[in-house]
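Note sheet for the following structure.
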Amino acid sequence: MKLYNTLSKQIEEFTPFEENKVKMYTCGPTVYHFAHIGNLRTYIFEDVLEKTLNYIGYDVKRVMNITDVGHLTSDADTGEDKMLKGAQRENKTVYEIADFYTKAFFEDTDKLNIKKPAIIQKASDHIEQYIKMITKLLETEHAYLANGNVYFDVSKANDYYKLSGKDNDELMVGAREDVSEDQNKKNQADFVLWFTVSKFEKQDMQWDSPWGRGYPGWHIECSGISLEYLGEYLDIHCGGVDNIFPHHTNEIAQTEAYLGHKWCNYWCHGEHLNDNTGKMSKSKGEFLTLSLLESKGYNPLVYRLFCLQSHYRKQLVFSYEGMDNTTTAYNKLLNRIKNLKNDLTGEVDEEAVIKYDNQFKEALKNDLNTSLALTTLYDVLKDDLSNTTKIALIEKFDQVLSLDLLKDKDIDDELLDYINDMIKQRNEAKNNKNYALADQIRDELLSKGVMIKDTKEGTTFEII
């Protein structure tokens with residue numbers, strides 16, 4: 001297995017600390033709002049990575065946090081608290097906001113066939129762990145108290161900028177809009193480990209600590225949860241590229257200062273999903289959620305395929321035209337596979353299975369080349385193999401692709417009424433010689449995975 005390591009800035013052979021076992025940590029959602037589809041692209045990439053590791057023989061233990069406290073919108077430790085912002089927006093408590101959007105997040109990931117990590121932990125449930133870490137960092141003088149808050153001293157870190165490649169000049173006050181001067185800090189890059197003094201007077205989530213009643217900073221949470229459930233040596237840490245600095249940079253600094261040795265060997269980051277105006281965010285334009293895509297008639301798994309067609313380290317531009325093209329490709333793929341299932345002839349060619357299985361694995365082992373893995377799937381469909389052999393391979397591939405390629409589709413009463421109404425409208429359009437409208441209705445049905453056929457007995461349909 002070869003992976004691009006953000007730490008070394010190159011593709012490396014993957015070697016875990018323990019043979020055939022992988023300890024993997026992935027940054028979870030900040031549950032103050034719905035996840036947008038750019039967020040979900042990162043979780044799709046992490047899902048493919050975990051499933052690939054399983055597919056090629058590794059036993060993966062994956063941990064993910066739920067950030068329900070202390071996440072500031074700026075890296076200056078003086079921005080808005082995302083959780084408090086969500087609570088104020090909806091006139092609810094932070095706990096109510098966290099519970100609602102945690103459920104919404106997992107509803108989205110279920111629709112995208114993203115496997116739940118083995119261990120999922122709320123940040124707010126591990127206060128004692130953070131206090132333990134901060135106490136030691138103060139004792140070793142990697143942290144200091146100032147005006148009631150506990151700060152990490154980045155000048156004491158071992159090569160603080162090794163992950164991001166940034167330097168002190170880039171963090172000068174005035175060099176970037178999201179950095180403001182904090183008179184309490186020894187260095188402007190220092191970050192808060194524990195707040196007791198905050199501009200948020202109505203902060204719901206607060207706990208007693210040796211430094212006063214307050215709450216943890218964002219960065220300490222992932223370090224604490226990872227150490228508690230995965231131990232002192234971590235194989236892979238994942239997230240989006242926007243996590244590289246400051247979040248993952250700060251995680252490394254505080255964790256290695258706490259442990260006294262290197263913590264994680266491989267750092268893997270997924271690139272942004274952009275819209276036509278640039279980086280996608282919750283504050284810009286149309287808020288692109290999975291539910292919005294569904295309301296426009298798109299199958300969530302079409303979005304998964306849309307992401308798999310591109311490499312996780314390349315920026316991807318979202319467009320509805322791209323989703324339409326992917327919908328057509330997905331429906332054609334399902335229809336071809338359905339025809340194979342309806343005509344299972346011949347024996348399984350074991351040599352062909354081994355050949356294509358190896359080809360599929362090699363694509364994924366090459367830094368998760370999902371586009372090439374999909375090409376292998378189409379190579380199988382084009383090859384002169386028995387249908388039984390093809391189905392056997394598709395079943396294997398879908399363990400990673402997770403596109404429900406062999407799943408039979410059910411039809412509910414609401415969908416049936418919709419299809420029959422559209423067929424009626426199409427027949428009326430044809431009778432009125434309005435062939436453009438008839439074609440438009442046919443294409444709309446096809447975009448929703450419904451293929452209609454005109455026969456001597458009338459118009460029929462099938463779900464593809």
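Ordering of the structure tokens sets the chain letters (A, B, ...), residue numbers begin anew at 1 in every chain, and ligands are numbered from 1 in the order given.
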What's around region 121-132 of chain A at 9 Å? Count only C-alpha atoms, leave out sequence neighbours fewer than 3 positions away in its own chain, and write the answer as a PDB file with C-alpha atoms, in the first residue's frame.
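Done, and the output landed in around.pdb:
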```pdb
ATOM      1  CA  VAL A  63     -11.688   6.158  15.936  1.00  0.00           C
ATOM      2  CA  MET A  64     -13.619   9.350  15.198  1.00  0.00           C
ATOM      3  CA  ASN A  65     -14.603  12.217  17.477  1.00  0.00           C
ATOM      4  CA  ILE A  66     -17.750  14.308  17.534  1.00  0.00           C
ATOM      5  CA  THR A  67     -16.807  17.955  18.186  1.00  0.00           C
ATOM      6  CA  ASP A  68     -19.614  19.220  20.391  1.00  0.00           C
ATOM      7  CA  VAL A  69     -17.645  21.819  22.394  1.00  0.00           C
ATOM      8  CA  GLY A  70     -14.942  24.439  21.983  1.00  0.00           C
ATOM      9  CA  THR A 135      -1.494  19.225  33.623  1.00  0.00           C
ATOM     10  CA  LYS A 136       1.550  17.372  32.314  1.00  0.00           C
ATOM     11  CA  LEU A 137       2.201  19.971  29.604  1.00  0.00           C
ATOM     12  CA  LEU A 193      -5.598  24.334  25.692  1.00  0.00           C
ATOM     13  CA  TRP A 194      -8.169  25.415  28.292  1.00  0.00           C
ATOM     14  CA  MET A 205     -20.646  23.627  28.346  1.00  0.00           C
ATOM     15  CA  TRP A 207     -16.420  22.067  33.684  1.00  0.00           C
ATOM     16  CA  SER A 209     -10.564  22.248  36.333  1.00  0.00           C
ATOM     17  CA  PRO A 210      -7.391  23.024  38.313  1.00  0.00           C
ATOM     18  CA  TYR A 215     -13.883  24.363  28.696  1.00  0.00           C
ATOM     19  CA  PRO A 216     -11.190  22.784  26.494  1.00  0.00           C
ATOM     20  CA  TRP A 218     -10.606  22.493  20.095  1.00  0.00           C
ATOM     21  CA  ILE A 220      -6.715  19.071  22.615  1.00  0.00           C
ATOM     22  CA  GLU A 221      -9.889  17.062  22.009  1.00  0.00           C
ATOM     23  CA  CYS A 222      -8.686  14.931  19.094  1.00  0.00           C
ATOM     24  CA  SER A 223      -5.332  14.273  20.777  1.00  0.00           C
ATOM     25  CA  GLY A 224      -7.012  13.172  23.996  1.00  0.00           C
ATOM     26  CA  ILE A 225      -9.536  10.865  22.348  1.00  0.00           C
ATOM     27  CA  GLU A 228      -7.313   7.107  25.067  1.00  0.00           C
TER      28      GLU A 228
END
```
Worksheet item: In region 143-282 of chain A, what's helix (DSSP H, G or I) per DSSP? Answer as a ChimeraX atom specification?
Response: /A:154-156,168-171,218-230,241-259
Worksheet item: Nearest to Ser8 (chain A) among A:Ala373, A:Leu163, A:Leu53, A:Ala104, with distances taken over only C-alpha atoms: which residue is it?
Response: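 So, comparing all the options, the nearest one is A:Leu163.
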Fill in: Near-Tyr298 (chain A) list (9 Å; only C-alpha atoms; drop same-chain fewer than 3 positions) as a PyMOL selection string
chain A and resi 290+292-295+301-303+323-324+327+447-448
Saved selection, atoms kept: C-alpha atoms, as a PDB file, in the first residue's frame:
```pdb
ATOM      1  CA  LEU A 290     -27.104  15.868   0.717  1.00  0.00           C
ATOM      2  CA  LEU A 292     -30.762  19.350  -1.097  1.00  0.00           C
ATOM      3  CA  LEU A 293     -29.354  16.984  -3.729  1.00  0.00           C
ATOM      4  CA  GLU A 294     -32.054  14.451  -2.863  1.00  0.00           C
ATOM      5  CA  SER A 295     -34.755  17.119  -3.169  1.00  0.00           C
ATOM      6  CA  LEU A 301     -24.827   7.163  -4.236  1.00  0.00           C
ATOM      7  CA  VAL A 302     -24.555   9.161  -7.450  1.00  0.00           C
ATOM      8  CA  TYR A 303     -22.695  11.759  -5.391  1.00  0.00           C
ATOM      9  CA  MET A 323     -24.200  15.173 -11.330  1.00  0.00           C
ATOM     10  CA  ASP A 324     -26.517  14.656 -14.315  1.00  0.00           C
ATOM     11  CA  THR A 327     -26.538   9.862 -12.821  1.00  0.00           C
ATOM     12  CA  SER A 447     -32.420  10.495 -14.307  1.00  0.00           C
ATOM     13  CA  LYS A 448     -34.329   8.978 -11.389  1.00  0.00           C
TER      14      LYS A 448
END
```
Fill in: Residue contacts of Cys238 (chain A) (9 Å, only C-alpha atoms) excluding same-chain residues fewer than 6 positions away, as a ChimeraX atom specification
/A:24-27,42,46,266-270
Worksheet entry | Minimum-distance residue to Cys264 (chain A), chosen among A:Ile134, A:Ile463, A:Ile120, A:Leu7 (using only C-alpha atoms) |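 When distances to Cys264 (chain A) are compared using only C-alpha atoms, the smallest one comes from A:Leu7.
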Fill in: Which residue of A:Val154, A:Leu138, A:Leu288, A:Met1 approaches Phe34 (chain A) most closely, using only C-alpha atoms
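Among the listed residues, A:Leu288 lies closest to Phe34 (chain A).
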Backbone DSSP call of strand (DSSP E or B) for region 208-426 of chain A, listed as an mmCIF file with C-alpha atoms, in the first residue's frame:
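See out_18.cif below for the written result:
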```cif
data_model
loop_
_atom_site.group_PDB
_atom_site.id
_atom_site.type_symbol
_atom_site.label_atom_id
_atom_site.label_comp_id
_atom_site.auth_asym_id
_atom_site.auth_seq_id
_atom_site.Cartn_x
_atom_site.Cartn_y
_atom_site.Cartn_z
ATOM 1 C CA GLY A 214 -14.141 26.559 31.766
ATOM 2 C CA TYR A 215 -13.883 24.363 28.696
ATOM 3 C CA PRO A 216 -11.190 22.784 26.494
ATOM 4 C CA LEU A 234 -0.938 6.050 15.696
ATOM 5 C CA ASP A 235 -0.577 4.759 12.138
ATOM 6 C CA ILE A 236 -2.849 7.081 10.121
ATOM 7 C CA HIS A 237 -4.520 10.389 10.892
ATOM 8 C CA CYS A 238 -6.978 11.770 8.311
ATOM 9 C CA GLY A 239 -8.958 14.905 7.635
ATOM 10 C CA GLY A 240 -9.551 17.611 5.066
ATOM 11 C CA CYS A 264 1.694 9.423 14.080
ATOM 12 C CA ASN A 265 3.558 8.233 10.984
ATOM 13 C CA TYR A 266 1.084 8.967 8.168
ATOM 14 C CA TRP A 267 -1.057 12.076 7.697
ATOM 15 C CA CYS A 268 -3.601 11.834 4.861
ATOM 16 C CA HIS A 269 -5.740 14.745 3.686
ATOM 17 C CA GLY A 270 -8.602 15.040 1.234
ATOM 18 C CA LEU A 273 -14.823 20.262 -3.211
ATOM 19 C CA ASN A 274 -15.351 23.622 -4.892
ATOM 20 C CA ASP A 275 -18.374 25.216 -6.457
ATOM 21 C CA GLY A 278 -14.404 28.658 -5.215
ATOM 22 C CA LYS A 279 -14.190 26.774 -1.907
ATOM 23 C CA THR A 289 -26.358 19.461 1.585
ATOM 24 C CA LEU A 316 -13.077 18.692 -7.456
ATOM 25 C CA VAL A 317 -15.551 21.190 -8.917
ATOM 26 C CA ASN A 366 -1.538 3.231 -5.505
#
```
Discussion item. I need the residue nearest Asn335 (chain A) from this list: A:Lys185, A:Lys262, A:Lys409, A:Lys2. Use only C-alpha atoms for the distance.
Written reply: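 Ranking A:Lys185, A:Lys262, A:Lys409, A:Lys2 by distance to Asn335 (chain A), first place goes to A:Lys409.
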Worksheet item: If we count only C-alpha atoms, what is near Leu405 (chain A) at a cut-off of 9 Å, once residues fewer than 3 positions away on the same chain are taken out, given as number ranges by chain?
Response: A: 333-334, 337-338, 394-395, 398, 401-402, 408
Worksheet item: Which residue, A:Val48, A:Ile354, A:Met133, A:Val192, has the smallest gap to Gly148 (chain A) when you use only C-alpha atoms?
Response: A:Val192
